[in-house]
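Q: Sharing coords_39.csv, CSV, C-alpha atoms and all ligand atoms:
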```
chain,number,residue,atom,x,y,z
A,55,MET,CA,-15.1,-105.2,-0.2
A,56,THR,CA,-18.6,-104.8,-1.6
A,57,ALA,CA,-19.7,-101.1,-1.8
A,58,ILE,CA,-21.5,-99.9,1.3
A,59,ALA,CA,-24.6,-97.9,0.4
A,60,LYS,CA,-25.4,-96.4,3.8
A,61,THR,CA,-23.7,-94.3,6.4
A,62,LEU,CA,-22.4,-96.4,9.2
A,63,ARG,CA,-23.4,-95.2,12.7
A,64,ASN,CA,-22.6,-97.8,15.3
A,65,ALA,CA,-19.9,-100.4,16.1
A,66,ALA,CA,-22.0,-103.3,14.8
A,67,GLU,CA,-22.2,-101.6,11.4
A,68,LEU,CA,-18.5,-100.8,11.4
A,69,ALA,CA,-17.8,-104.5,12.2
A,70,ASP,CA,-20.1,-105.7,9.4
A,71,ALA,CA,-18.3,-103.4,7.0
A,72,GLY,CA,-14.9,-104.7,8.0
A,73,LEU,CA,-13.8,-101.4,9.5
A,74,ILE,CA,-13.2,-102.8,13.0
A,75,ALA,CA,-12.6,-106.3,14.3
A,76,ARG,CA,-15.6,-108.1,15.8
A,77,GLN,CA,-13.8,-108.3,19.2
A,78,GLN,CA,-13.6,-104.5,19.3
A,79,ARG,CA,-17.4,-104.1,19.1
A,80,ASP,CA,-18.2,-103.8,22.8
A,81,ALA,CA,-15.4,-101.4,23.6
A,82,LEU,CA,-16.2,-99.2,20.6
A,83,GLU,CA,-19.9,-99.3,21.2
A,84,GLN,CA,-19.1,-97.4,24.5
A,85,VAL,CA,-17.2,-94.8,22.4
A,86,ALA,CA,-20.1,-94.5,20.0
A,87,ALA,CA,-22.5,-94.0,22.9
A,88,ARG,CA,-20.3,-91.1,24.1
A,89,TYR,CA,-19.4,-89.4,20.8
A,90,ALA,CA,-21.3,-89.5,17.5
A,91,VAL,CA,-20.2,-91.9,14.8
A,92,ALA,CA,-21.0,-91.5,11.1
A,93,ILE,CA,-19.0,-92.8,8.2
A,94,THR,CA,-20.4,-92.1,4.8
A,95,PRO,CA,-20.2,-94.5,1.9
A,96,ALA,CA,-17.7,-92.2,0.2
A,97,LEU,CA,-15.4,-92.5,3.2
A,98,THR,CA,-15.9,-96.3,3.7
A,99,GLU,CA,-14.9,-96.7,0.1
A,100,LEU,CA,-11.7,-94.7,0.8
A,101,VAL,CA,-10.5,-96.7,3.8
A,102,ASP,CA,-7.9,-99.3,3.1
A,103,THR,CA,-8.9,-102.1,5.5
A,104,ALA,CA,-5.6,-103.9,4.9
A,105,ASP,CA,-3.7,-100.9,6.4
A,106,PRO,CA,-4.0,-100.9,10.2
A,107,ASP,CA,-2.8,-97.3,10.2
A,108,ASP,CA,-5.0,-96.0,7.4
A,109,PRO,CA,-5.2,-92.2,7.6
A,110,ILE,CA,-8.9,-92.1,6.6
A,111,ALA,CA,-9.9,-94.7,9.2
A,112,ARG,CA,-7.9,-92.9,11.8
A,113,GLN,CA,-10.0,-89.8,11.3
A,114,PHE,CA,-13.4,-91.4,11.4
A,115,VAL,CA,-13.3,-94.9,13.0
A,116,PRO,CA,-13.7,-94.6,16.8
A,117,ASP,CA,-10.9,-95.6,19.1
A,118,ALA,CA,-11.0,-96.8,22.7
A,119,ALA,CA,-8.5,-94.0,23.5
A,120,GLU,CA,-11.3,-91.5,23.1
A,121,LEU,CA,-12.7,-92.5,26.5
A,122,VAL,CA,-9.5,-91.2,28.2
A,123,VAL,CA,-9.6,-87.5,29.0
A,124,SER,CA,-6.2,-86.0,29.3
A,125,PRO,CA,-5.1,-83.0,31.4
A,126,GLY,CA,-6.0,-79.7,29.7
A,127,GLU,CA,-8.8,-81.2,27.6
A,128,THR,CA,-12.2,-79.6,28.0
A,129,ALA,CA,-15.7,-79.9,26.6
A,130,ASP,CA,-15.5,-76.5,25.0
A,131,PRO,CA,-11.9,-76.2,24.0
A,132,ILE,CA,-12.1,-73.0,22.0
A,133,GLY,CA,-14.4,-71.3,24.4
A,134,ASP,CA,-17.5,-70.9,22.3
A,135,HIS,CA,-19.8,-70.5,25.3
A,136,ALA,CA,-17.9,-67.6,26.8
A,137,HIS,CA,-18.6,-65.5,23.7
A,138,SER,CA,-22.2,-66.6,22.9
A,139,PRO,CA,-24.5,-63.6,23.5
A,140,VAL,CA,-27.6,-65.4,22.1
A,141,GLU,CA,-28.2,-69.0,21.1
A,142,GLY,CA,-26.5,-69.9,17.9
A,143,ILE,CA,-24.1,-66.9,17.8
A,144,VAL,CA,-20.4,-66.8,18.8
A,145,HIS,CA,-19.1,-63.2,18.8
A,146,ARG,CA,-15.4,-63.4,19.5
A,147,TYR,CA,-14.0,-60.8,17.3
A,148,PRO,CA,-15.5,-57.3,16.6
A,149,ASP,CA,-16.1,-57.7,12.8
A,150,ARG,CA,-17.4,-61.3,12.5
A,151,VAL,CA,-19.7,-63.8,14.2
A,152,LEU,CA,-20.1,-67.6,13.9
A,153,LEU,CA,-23.7,-68.6,13.2
A,154,LYS,CA,-24.2,-72.2,14.3
A,155,LEU,CA,-27.3,-73.4,12.4
A,156,VAL,CA,-27.1,-77.1,12.7
A,157,HIS,CA,-25.5,-79.6,15.1
A,158,VAL,CA,-25.2,-82.5,12.7
A,159,CYS,CA,-22.5,-83.5,10.2
A,160,ALA,CA,-22.4,-86.0,7.4
A,161,ALA,CA,-19.5,-87.7,9.0
A,162,TYR,CA,-18.1,-87.3,12.5
A,163,CYS,CA,-14.3,-86.6,12.9
A,164,ARG,CA,-12.8,-88.3,15.9
A,165,PHE,CA,-10.9,-85.2,16.8
A,166,CYS,CA,-13.8,-82.8,16.5
A,167,PHE,CA,-13.4,-79.6,18.6
A,168,ARG,CA,-17.2,-79.4,19.1
A,169,ARG,CA,-17.7,-83.1,19.8
A,170,GLU,CA,-19.6,-82.4,22.9
A,171,MET,CA,-22.0,-80.2,20.9
A,172,VAL,CA,-22.6,-82.1,17.6
A,173,GLY,CA,-24.3,-85.3,16.7
A,174,PRO,CA,-27.6,-87.0,17.2
A,175,GLY,CA,-29.1,-86.4,20.6
A,176,LYS,CA,-28.0,-82.8,20.5
A,177,ALA,CA,-30.4,-80.2,19.3
A,178,SER,CA,-30.6,-80.8,15.5
A,179,ALA,CA,-30.9,-77.2,14.3
A,180,LEU,CA,-31.7,-73.7,15.7
A,181,SER,CA,-35.4,-73.4,16.4
A,182,GLU,CA,-37.2,-70.7,14.3
A,183,GLY,CA,-37.3,-68.4,17.3
A,184,ALA,CA,-33.6,-68.8,18.1
A,185,TYR,CA,-32.8,-68.2,14.4
A,186,GLU,CA,-34.8,-65.0,14.4
A,187,ASN,CA,-33.0,-63.9,17.6
A,188,ALA,CA,-29.7,-64.6,16.1
A,189,LEU,CA,-30.6,-62.6,13.0
A,190,ALA,CA,-31.8,-59.7,15.2
A,191,TYR,CA,-28.4,-59.8,17.0
A,192,ILE,CA,-26.5,-59.5,13.7
A,193,ARG,CA,-28.8,-56.7,12.5
A,194,ALA,CA,-28.3,-54.8,15.8
A,195,HIS,CA,-24.5,-54.9,15.5
A,196,SER,CA,-23.4,-52.9,12.6
A,197,GLY,CA,-19.7,-53.8,13.0
A,198,ILE,CA,-20.4,-57.4,11.9
A,199,TRP,CA,-19.0,-57.5,8.4
A,200,GLU,CA,-18.7,-61.3,8.1
A,201,VAL,CA,-20.9,-64.2,9.2
A,202,ILE,CA,-19.4,-67.6,9.3
A,203,LEU,CA,-21.9,-70.4,9.0
A,204,THR,CA,-20.6,-73.4,11.0
A,205,GLY,CA,-22.0,-76.0,13.2
A,206,GLY,CA,-22.2,-78.9,12.7
A,207,ASP,CA,-22.0,-78.7,8.9
A,208,PRO,CA,-24.2,-76.0,7.3
A,209,LEU,CA,-24.3,-77.9,4.0
A,210,MET,CA,-26.5,-80.5,5.8
A,211,LEU,CA,-29.3,-78.0,5.4
A,212,SER,CA,-31.5,-78.4,2.3
A,213,PRO,CA,-30.6,-76.1,-0.6
A,214,ARG,CA,-34.0,-74.4,-0.1
A,215,ARG,CA,-33.4,-73.6,3.6
A,216,LEU,CA,-29.8,-72.6,2.9
A,217,ALA,CA,-30.9,-70.2,0.2
A,218,GLU,CA,-33.5,-68.6,2.6
A,219,ILE,CA,-30.8,-68.1,5.2
A,220,MET,CA,-28.3,-66.7,2.7
A,221,ALA,CA,-30.9,-64.2,1.6
A,222,ASP,CA,-31.8,-63.2,5.2
A,223,LEU,CA,-28.1,-62.5,5.9
A,224,ALA,CA,-27.4,-60.7,2.7
A,225,ALA,CA,-30.4,-58.4,3.3
A,226,ILE,CA,-28.5,-57.0,6.3
A,227,GLY,CA,-26.6,-54.1,4.8
A,228,HIS,CA,-23.4,-54.4,6.9
A,229,VAL,CA,-23.0,-58.1,6.3
A,230,ARG,CA,-20.8,-58.3,3.2
A,231,ILE,CA,-19.2,-61.7,3.5
A,232,ILE,CA,-20.8,-65.0,4.3
A,233,ARG,CA,-18.3,-67.8,4.9
A,234,ILE,CA,-19.4,-71.4,5.0
A,235,HIS,CA,-17.3,-74.0,6.8
A,236,THR,CA,-17.9,-77.5,5.5
A,237,ARG,CA,-16.6,-81.0,5.1
A,238,VAL,CA,-19.4,-82.1,2.8
A,239,PRO,CA,-17.6,-81.8,-0.6
A,240,VAL,CA,-15.2,-84.5,0.7
A,241,VAL,CA,-17.3,-86.7,2.9
A,242,GLU,CA,-20.6,-86.6,0.9
A,243,PRO,CA,-19.8,-85.0,-2.5
A,244,GLY,CA,-23.2,-86.0,-3.9
A,245,ARG,CA,-24.8,-83.4,-1.7
A,246,ILE,CA,-23.2,-80.6,-3.8
A,247,SER,CA,-26.0,-80.6,-6.3
A,248,ALA,CA,-26.7,-77.8,-8.8
A,249,GLU,CA,-29.4,-76.6,-6.3
A,250,MET,CA,-26.9,-76.5,-3.5
A,251,VAL,CA,-24.4,-74.5,-5.5
A,252,ALA,CA,-27.1,-72.1,-6.5
A,253,ALA,CA,-28.1,-71.7,-2.9
A,254,LEU,CA,-24.5,-70.6,-2.0
A,255,ARG,CA,-24.7,-67.6,-4.3
A,256,VAL,CA,-26.6,-64.6,-3.1
A,257,ALA,CA,-27.0,-61.0,-4.2
A,258,GLY,CA,-25.7,-58.4,-1.8
A,259,ALA,CA,-22.9,-60.4,-0.1
A,260,ALA,CA,-19.8,-62.4,-1.2
A,261,THR,CA,-19.8,-66.1,-0.4
A,262,TRP,CA,-16.6,-67.9,0.6
A,263,VAL,CA,-16.4,-71.6,1.2
A,264,ALA,CA,-13.8,-73.1,3.6
A,265,LEU,CA,-13.2,-76.8,3.0
A,266,HIS,CA,-12.0,-79.0,5.8
A,267,ALA,CA,-9.8,-81.8,4.5
A,268,ASN,CA,-6.8,-83.5,6.2
A,269,HIS,CA,-5.3,-86.0,3.8
A,270,PRO,CA,-4.7,-85.9,0.0
A,271,ARG,CA,-6.7,-89.1,-0.5
A,272,GLU,CA,-9.8,-87.2,0.6
A,273,LEU,CA,-9.7,-85.2,-2.6
A,274,THR,CA,-11.1,-87.9,-4.8
A,275,ALA,CA,-12.4,-87.3,-8.3
A,276,ASN,CA,-15.9,-86.8,-6.9
A,277,ALA,CA,-14.7,-84.4,-4.2
A,278,ARG,CA,-12.7,-82.5,-6.8
A,279,ALA,CA,-15.8,-82.3,-9.0
A,280,ALA,CA,-17.9,-81.0,-6.1
A,281,CYS,CA,-15.3,-78.3,-5.4
A,282,ALA,CA,-15.0,-77.4,-9.1
A,283,ALA,CA,-18.8,-76.9,-9.2
A,284,ILE,CA,-18.5,-74.4,-6.3
A,285,VAL,CA,-15.5,-72.5,-7.8
A,286,ASP,CA,-16.9,-72.5,-11.3
A,287,ALA,CA,-20.0,-70.7,-9.8
A,288,GLY,CA,-17.7,-67.9,-8.9
A,289,ILE,CA,-17.3,-68.8,-5.2
A,290,PRO,CA,-13.8,-68.7,-3.9
A,291,MET,CA,-12.6,-71.5,-1.6
A,292,VAL,CA,-10.0,-71.7,1.1
A,293,SER,CA,-8.9,-74.8,3.1
A,294,GLN,CA,-8.7,-75.8,6.7
A,295,THR,CA,-6.7,-78.7,7.9
A,296,VAL,CA,-6.1,-80.1,11.3
A,297,LEU,CA,-2.6,-81.4,12.0
A,298,LEU,CA,-3.2,-85.0,13.2
A,299,ARG,CA,-0.8,-87.6,14.5
A,300,GLY,CA,-0.7,-90.6,12.1
A,301,VAL,CA,-2.7,-88.8,9.5
A,302,ASN,CA,-0.8,-85.9,8.0
A,303,ASP,CA,2.1,-85.2,10.4
A,304,ASP,CA,4.8,-85.7,7.8
A,305,GLU,CA,5.9,-83.2,5.1
A,306,VAL,CA,5.3,-85.6,2.2
A,307,THR,CA,1.6,-85.9,3.1
A,308,LEU,CA,1.1,-82.2,3.9
A,309,GLU,CA,2.8,-81.2,0.7
A,310,ALA,CA,0.6,-83.5,-1.4
A,311,LEU,CA,-2.5,-82.2,0.4
A,312,MET,CA,-1.6,-78.5,-0.1
A,313,ARG,CA,-0.8,-79.1,-3.8
A,314,ALA,CA,-4.1,-80.9,-4.2
A,315,PHE,CA,-6.0,-77.9,-2.7
A,316,VAL,CA,-4.3,-75.5,-5.1
A,317,GLU,CA,-4.9,-77.8,-8.0
A,318,CYS,CA,-8.6,-77.6,-7.0
A,319,ARG,CA,-8.4,-73.8,-6.9
A,320,ILE,CA,-8.6,-73.9,-3.1
A,321,LYS,CA,-6.2,-71.5,-1.3
A,322,PRO,CA,-4.6,-73.2,1.7
A,323,TYR,CA,-5.7,-71.1,4.6
A,324,TYR,CA,-5.3,-72.7,8.1
A,325,LEU,CA,-3.3,-75.6,9.4
A,326,HIS,CA,-4.7,-76.0,12.9
A,327,HIS,CA,-2.9,-77.4,15.9
A,328,GLY,CA,-5.3,-80.0,17.3
A,329,ASP,CA,-7.7,-78.5,19.8
A,330,LEU,CA,-7.8,-79.8,23.4
A,331,ALA,CA,-11.1,-81.7,22.8
A,332,PRO,CA,-11.7,-84.5,25.2
A,333,GLY,CA,-10.2,-87.9,24.3
A,334,THR,CA,-8.1,-86.7,21.4
A,335,LEU,CA,-4.6,-86.9,22.8
A,336,HIS,CA,-3.7,-89.9,20.6
A,337,LEU,CA,-4.4,-87.7,17.5
A,338,ARG,CA,-2.6,-84.5,18.6
A,339,THR,CA,0.9,-83.5,17.7
A,340,THR,CA,3.1,-81.1,19.6
A,341,ILE,CA,3.3,-77.5,18.6
A,342,GLU,CA,7.0,-77.9,17.9
A,343,GLN,CA,6.2,-80.7,15.4
A,344,GLY,CA,3.8,-78.4,13.7
A,345,GLN,CA,6.4,-75.6,13.5
A,346,GLN,CA,9.0,-78.1,12.1
A,347,LEU,CA,6.6,-79.3,9.5
A,348,MET,CA,5.8,-75.7,8.5
A,349,ARG,CA,9.5,-75.1,8.0
A,350,ARG,CA,9.9,-78.1,5.9
A,351,LEU,CA,6.8,-77.2,3.8
A,352,ARG,CA,8.2,-73.8,3.1
A,353,GLY,CA,11.3,-75.5,1.6
A,354,ARG,CA,9.2,-77.8,-0.6
A,355,VAL,CA,6.2,-75.9,-2.1
A,356,SER,CA,5.4,-72.4,-3.4
A,357,GLY,CA,3.9,-69.7,-1.3
A,358,LEU,CA,0.5,-70.4,-2.9
A,359,CYS,CA,0.5,-73.8,-1.1
A,360,GLN,CA,1.4,-72.4,2.3
A,361,PRO,CA,-1.3,-72.4,5.0
A,362,GLU,CA,-0.9,-70.5,8.3
A,363,PHE,CA,-0.2,-72.7,11.3
A,364,VAL,CA,-2.6,-71.6,14.1
A,365,LEU,CA,-3.9,-72.6,17.4
A,366,ASP,CA,-7.0,-71.6,19.3
A,367,ILE,CA,-6.2,-70.2,22.7
A,368,PRO,CA,-8.2,-72.2,25.3
A,369,GLY,CA,-10.9,-70.1,27.1
A,370,GLY,CA,-12.2,-68.4,24.0
A,371,HIS,CA,-9.3,-65.9,23.5
A,372,GLY,CA,-9.2,-66.6,19.7
A,373,LYS,CA,-6.8,-67.9,17.1
A,374,SER,CA,-3.2,-67.1,17.2
A,375,PRO,CA,-0.5,-67.8,14.6
A,376,ALA,CA,1.7,-70.5,16.0
A,377,GLY,CA,4.9,-69.9,14.1
A,378,PRO,CA,7.5,-70.7,13.2
A,379,SER,CA,9.0,-67.3,13.2
A,380,TYR,CA,11.6,-66.6,10.4
A,381,LEU,CA,12.8,-63.3,11.8
A,382,SER,CA,14.5,-62.5,15.0
A,383,GLN,CA,16.4,-59.6,16.4
A,384,ALA,CA,20.2,-60.2,15.9
A,385,SER,CA,22.3,-59.7,19.0
A,386,SER,CA,24.7,-56.7,18.5
A,387,VAL,CA,27.4,-57.4,16.0
A,388,PHE,CA,30.8,-55.9,16.7
A,389,GLU,CA,33.3,-55.4,13.9
A,390,GLU,CA,36.7,-54.0,14.5
A,391,GLY,CA,35.6,-52.8,18.0
A,392,GLU,CA,32.7,-50.9,16.7
A,393,LEU,CA,29.0,-51.5,17.2
A,394,GLU,CA,28.0,-52.4,13.7
A,395,ALA,CA,24.4,-53.3,13.7
A,396,GLU,CA,22.0,-53.1,16.6
A,397,THR,CA,19.1,-53.0,14.3
A,398,ARG,CA,19.9,-56.1,12.3
A,399,TYR,CA,17.6,-59.1,12.1
A,400,ARG,CA,18.3,-62.7,11.6
A,401,VAL,CA,16.3,-64.1,8.8
A,402,VAL,CA,15.9,-67.8,8.1
A,403,ASP,CA,15.7,-68.8,4.4
A,404,TYR,CA,13.7,-71.7,3.0
A,405,CYS,CA,16.7,-74.1,3.4
A,406,GLY,CA,17.0,-73.2,7.1
A,407,ASP,CA,20.2,-71.1,6.6
A,408,VAL,CA,20.4,-68.0,8.7
A,409,HIS,CA,21.3,-64.5,7.2
A,410,LEU,CA,21.6,-61.0,8.6
A,411,TYR,CA,19.2,-58.4,7.2
A,412,PRO,CA,21.1,-55.1,6.6
A,413,PRO,CA,20.5,-52.4,9.2
A,414,ALA,CA,18.5,-49.3,8.4
A,415,PRO,CA,20.6,-46.5,6.8
B,1,LIG,S1,-17.0,-81.8,10.2
B,1,LIG,FE1,-16.3,-80.2,11.7
B,1,LIG,S2,-18.0,-80.0,13.2
B,1,LIG,FE2,-18.4,-81.9,12.0
B,1,LIG,S3,-17.4,-83.6,13.2
B,1,LIG,FE3,-15.8,-82.8,11.8
B,1,LIG,S4,-14.7,-81.2,12.9
B,1,LIG,FE4,-16.6,-81.6,14.0
```
With the file now loaded, output its structure as structure tokens.
Ligand code: SF4
A:
Amino acid sequence: MTAIAKTLRNAAELADAGLIARQQRDALEQVAARYAVAITPALTELVDTADPDDPIARQFVPDAAELVVSPGETADPIGDHAHSPVEGIVHRYPDRVLLKLVHVCAAYCRFCFRREMVGPGKASALSEGAYENALAYIRAHSGIWEVILTGGDPLMLSPRRLAEIMADLAAIGHVRIIRIHTRVPVVEPGRISAEMVAALRVAGAATWVALHANHPRELTANARAACAAIVDAGIPMVSQTVLLRGVNDDEVTLEALMRAFVECRIKPYYLHHGDLAPGTLHLRTTIEQGQQLMRRLRGRVSGLCQPEFVLDIPGGHGKSPAGPSYLSQASSVFEEGELEAETRYRVVDYCGDVHLYPPAP
């Protein structure tokens, strides 16, 4: 395939690029009219068009199944609105807030948990007035230790604007951590310029960058170089991965992804159970599958490579570890007629074998 130089944004462009069959055009145009589509040149190059189950295409090329809303799926699956005291802020936990600066991304994930809020046609960025209100809210709440820039993708901002925002936040004495959630180093690594890296660093607060990537092939040489530029600047990185059916729901792929993160000096942080976003059932696994994969991962890779499996509780009640649990209370063990160990625990080792942990003396 000849290299595609532009971001693809509609079904006709996807068909011209060979990412969908021409006869799919009309059906997928309806999907594109409902949920934003954008596939960057870096991603188009990564798709193997000969593979009908290509894990990169599955994440970014629209599917007619997205028009089917399943029971439990909602427009605001993690309950942002319920915890938004002012525009642009989500204050769910006492010590941290989300600050949603932009509503656009370089590429749109088909499973996006904010798919009803991001994309062209939505407000493109916080207005100056809304931004000032959001800053005032953060200033007024001295318990806010961490501000998480999310969106949309905050690295869609220009380096100049990002640097201004970082400086505004770092000037608030109680804000010590600024965390940036982004997919840009993977989907558009060229945006991670020296100016962008410089904008991430700010005096007065520590910056952390959380990279969203779901398949080891996303960590191309260019993506790795973009991450290296960030880490070399002294900015620690963590990862976020969404567990997706047909993309990374097998232990070999997950292992390769987690190893790739660690090789890039990115600490695996979260493995998310897919949120109940509308039209995403075909990409969701079950919670039991996620737990099973976590067990297998523990048997295959070092602790450095272990993410935490989490789910967001619908309604805005926050994130919760989703297991599996390795420790359970053992039922009473009787030996020679005596109660031996009420306080024992059952512990599962990395091979899945169960052991009893000795009772307290
Ligand atoms: S990068 Fe994040 S906000 Fe943007 S489309 Fe993907 S999941 Fe949604």
Q: Can you work out which one of A:Ser124, A:Asn302, A:Ser247, A:Thr236 has the shortest atom-to-atom distance to ligand LIG 1 (chain B), counting only C-alpha atoms and all ligand atoms?
A: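 Of A:Ser124, A:Asn302, A:Ser247, A:Thr236, the one nearest ligand LIG 1 (chain B) is A:Thr236, counting only C-alpha atoms and all ligand atoms.
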Q: Could you check which of A:Ser181, A:Thr98, A:Ser356, A:Gln77 is closest to A:Arg112, using all atoms listed in the file?
A: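 Closest candidate: A:Thr98.
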Q: Pick the closest to ligand LIG 1 (chain B) from A:Met210, A:Leu381, A:Cys318, A:Ile231: which is it, counting only C-alpha atoms and all ligand atoms?
A: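 Nearest to ligand LIG 1 (chain B): A:Met210.
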Q: What are the closest atom pairs, with distances in Å to one decimal, for each residue of stretch 88-137 of chain A lying within 12 Å of stretch 152-157 of chain A, using only C-alpha atoms, rows by chain and rising residue number, as a Markdown table?
A:
```
| residue | atom | partner | partner_atom | distance |
| --- | --- | --- | --- | --- |
| A:Ala90 | CA | A:His157 | CA | 11.0 |
| A:Asp134 | CA | A:Leu152 | CA | 9.4 |
| A:His135 | CA | A:Leu152 | CA | 11.8 |
| A:His137 | CA | A:Leu152 | CA | 10.1 |
```
Q: Return the single residue from A:Ile284, A:Leu209, A:Leu330, A:Val364 that is closest to A:Arg168, with distances computed using only C-alpha atoms.
A: A:Leu330
Q: Grab the atom CA of A:Asn268 to atom CA of A:Thr295 distance for me, in Å with one decimal place.
A: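 Here the two named atoms are 5.1 Å from each other.
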Q: Throw together the list of residues within 6 Å of ligand LIG 1 (chain B), counting only C-alpha atoms and all ligand atoms, and drop it here as a list in words.
A: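 Those residues are Cys159, Tyr162, Cys163, Cys166, Phe167, Arg168, Gly205, Gly206, Asp207 and Arg237 of chain A.
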Q: Hey, what's within 8 Å of A:Arg255 if we count all atoms listed in the file and toss same-chain stuff fewer than 5 positions away? As an NGL selection string, please?
A: :A and (220 or 260-261 or 287 or 289)
Q: Just write the chosen residues, C-alpha atoms, as an mmCIF file, keeping the file's coordinate frame.
A:
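See again-v7.cif below for the written result:
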```
data_model
loop_
_atom_site.group_PDB
_atom_site.id
_atom_site.type_symbol
_atom_site.label_atom_id
_atom_site.label_comp_id
_atom_site.auth_asym_id
_atom_site.auth_seq_id
_atom_site.Cartn_x
_atom_site.Cartn_y
_atom_site.Cartn_z
ATOM 1 C CA MET A 220 -28.300 -66.700 2.700
ATOM 2 C CA ALA A 260 -19.800 -62.400 -1.200
ATOM 3 C CA THR A 261 -19.800 -66.100 -0.400
ATOM 4 C CA ALA A 287 -20.000 -70.700 -9.800
ATOM 5 C CA ILE A 289 -17.300 -68.800 -5.200
#
```
Q: Hey, which of A:Ala136, A:Leu297, A:Ala86, A:Val306 ends up closest to A:Gln345? Count all atoms listed in the file.
A: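 Among A:Ala136, A:Leu297, A:Ala86, A:Val306, it is A:Leu297 that comes nearest to A:Gln345.
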Q: Set the distance at 8 Å and use all atoms listed in the file: which residues neighbour A:Glu83 once local chain neighbours fewer than 2 positions away are removed? I'd like the list as a ChimeraX atom specification.
A: /A:64-66,79-81,85-87
Q: In Å, how far is it from atom CA of A:Pro174 to atom CA of A:Glu141?
A: 18.4 Å
Q: List the neighbours of A:Leu351 out to 8 Å using all atoms listed in the file; skip same-chain residues closer than 5 positions along the sequence, and give me the result as a PyMOL selection string.
A: chain A and resi 305+308-309+360
Q: So that I can see what lies close to A:Ala59, please list as a ChimeraX atom specification the residues with an atom at most 9 Å from it, counting all atoms listed in the file and leaving out residues fewer than 6 positions away in the same chain.
A: /A:94-96
Q: I'd like the neighbourhood of A:Pro243 as a ChimeraX atom specification, where a residue qualifies if any of its atoms comes within 9 Å (using all atoms listed in the file), though same-chain residues fewer than 6 positions away should be ignored.
A: /A:96,276-281
Q: From the list A:Ala257, A:Ala264, A:Ile219, A:Ile234, which residue is nearest A:Ile202 when using all atoms listed in the file?
A: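 Answer, going by the shortest atom-to-atom distance: A:Ile234.
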Q: If you measure from atom CA of A:Arg146 to atom CA of A:Pro322, what distance in Å do you get, rounded to one decimal?
A: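 Spanning atom CA of A:Arg146 to atom CA of A:Pro322 is a straight-line distance of 23.0 Å.
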Q: Taking (-21.9, -62.3, 5.1) in the file's own coordinates, collect the residues within 12 Å, counting all atoms listed in the file, and hand them back as a PDB file with C-alpha atoms, keeping the file's coordinate frame.
A:
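Result went into selection31.pdb, see below:
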```pdb
ATOM      1  CA  ASP A 149     -16.100 -57.700  12.800  1.00  0.00           C
ATOM      2  CA  ARG A 150     -17.400 -61.300  12.500  1.00  0.00           C
ATOM      3  CA  VAL A 151     -19.700 -63.800  14.200  1.00  0.00           C
ATOM      4  CA  LEU A 152     -20.100 -67.600  13.900  1.00  0.00           C
ATOM      5  CA  LEU A 153     -23.700 -68.600  13.200  1.00  0.00           C
ATOM      6  CA  LEU A 189     -30.600 -62.600  13.000  1.00  0.00           C
ATOM      7  CA  ILE A 192     -26.500 -59.500  13.700  1.00  0.00           C
ATOM      8  CA  ARG A 193     -28.800 -56.700  12.500  1.00  0.00           C
ATOM      9  CA  GLY A 197     -19.700 -53.800  13.000  1.00  0.00           C
ATOM     10  CA  ILE A 198     -20.400 -57.400  11.900  1.00  0.00           C
ATOM     11  CA  TRP A 199     -19.000 -57.500   8.400  1.00  0.00           C
ATOM     12  CA  GLU A 200     -18.700 -61.300   8.100  1.00  0.00           C
ATOM     13  CA  VAL A 201     -20.900 -64.200   9.200  1.00  0.00           C
ATOM     14  CA  ILE A 202     -19.400 -67.600   9.300  1.00  0.00           C
ATOM     15  CA  LEU A 203     -21.900 -70.400   9.000  1.00  0.00           C
ATOM     16  CA  ILE A 219     -30.800 -68.100   5.200  1.00  0.00           C
ATOM     17  CA  MET A 220     -28.300 -66.700   2.700  1.00  0.00           C
ATOM     18  CA  ALA A 221     -30.900 -64.200   1.600  1.00  0.00           C
ATOM     19  CA  ASP A 222     -31.800 -63.200   5.200  1.00  0.00           C
ATOM     20  CA  LEU A 223     -28.100 -62.500   5.900  1.00  0.00           C
ATOM     21  CA  ALA A 224     -27.400 -60.700   2.700  1.00  0.00           C
ATOM     22  CA  ALA A 225     -30.400 -58.400   3.300  1.00  0.00           C
ATOM     23  CA  ILE A 226     -28.500 -57.000   6.300  1.00  0.00           C
ATOM     24  CA  GLY A 227     -26.600 -54.100   4.800  1.00  0.00           C
ATOM     25  CA  HIS A 228     -23.400 -54.400   6.900  1.00  0.00           C
ATOM     26  CA  VAL A 229     -23.000 -58.100   6.300  1.00  0.00           C
ATOM     27  CA  ARG A 230     -20.800 -58.300   3.200  1.00  0.00           C
ATOM     28  CA  ILE A 231     -19.200 -61.700   3.500  1.00  0.00           C
ATOM     29  CA  ILE A 232     -20.800 -65.000   4.300  1.00  0.00           C
ATOM     30  CA  ARG A 233     -18.300 -67.800   4.900  1.00  0.00           C
ATOM     31  CA  ILE A 234     -19.400 -71.400   5.000  1.00  0.00           C
ATOM     32  CA  LEU A 254     -24.500 -70.600  -2.000  1.00  0.00           C
ATOM     33  CA  ARG A 255     -24.700 -67.600  -4.300  1.00  0.00           C
ATOM     34  CA  VAL A 256     -26.600 -64.600  -3.100  1.00  0.00           C
ATOM     35  CA  ALA A 257     -27.000 -61.000  -4.200  1.00  0.00           C
ATOM     36  CA  GLY A 258     -25.700 -58.400  -1.800  1.00  0.00           C
ATOM     37  CA  ALA A 259     -22.900 -60.400  -0.100  1.00  0.00           C
ATOM     38  CA  ALA A 260     -19.800 -62.400  -1.200  1.00  0.00           C
ATOM     39  CA  THR A 261     -19.800 -66.100  -0.400  1.00  0.00           C
ATOM     40  CA  TRP A 262     -16.600 -67.900   0.600  1.00  0.00           C
ATOM     41  CA  VAL A 263     -16.400 -71.600   1.200  1.00  0.00           C
TER      42      VAL A 263
END
```
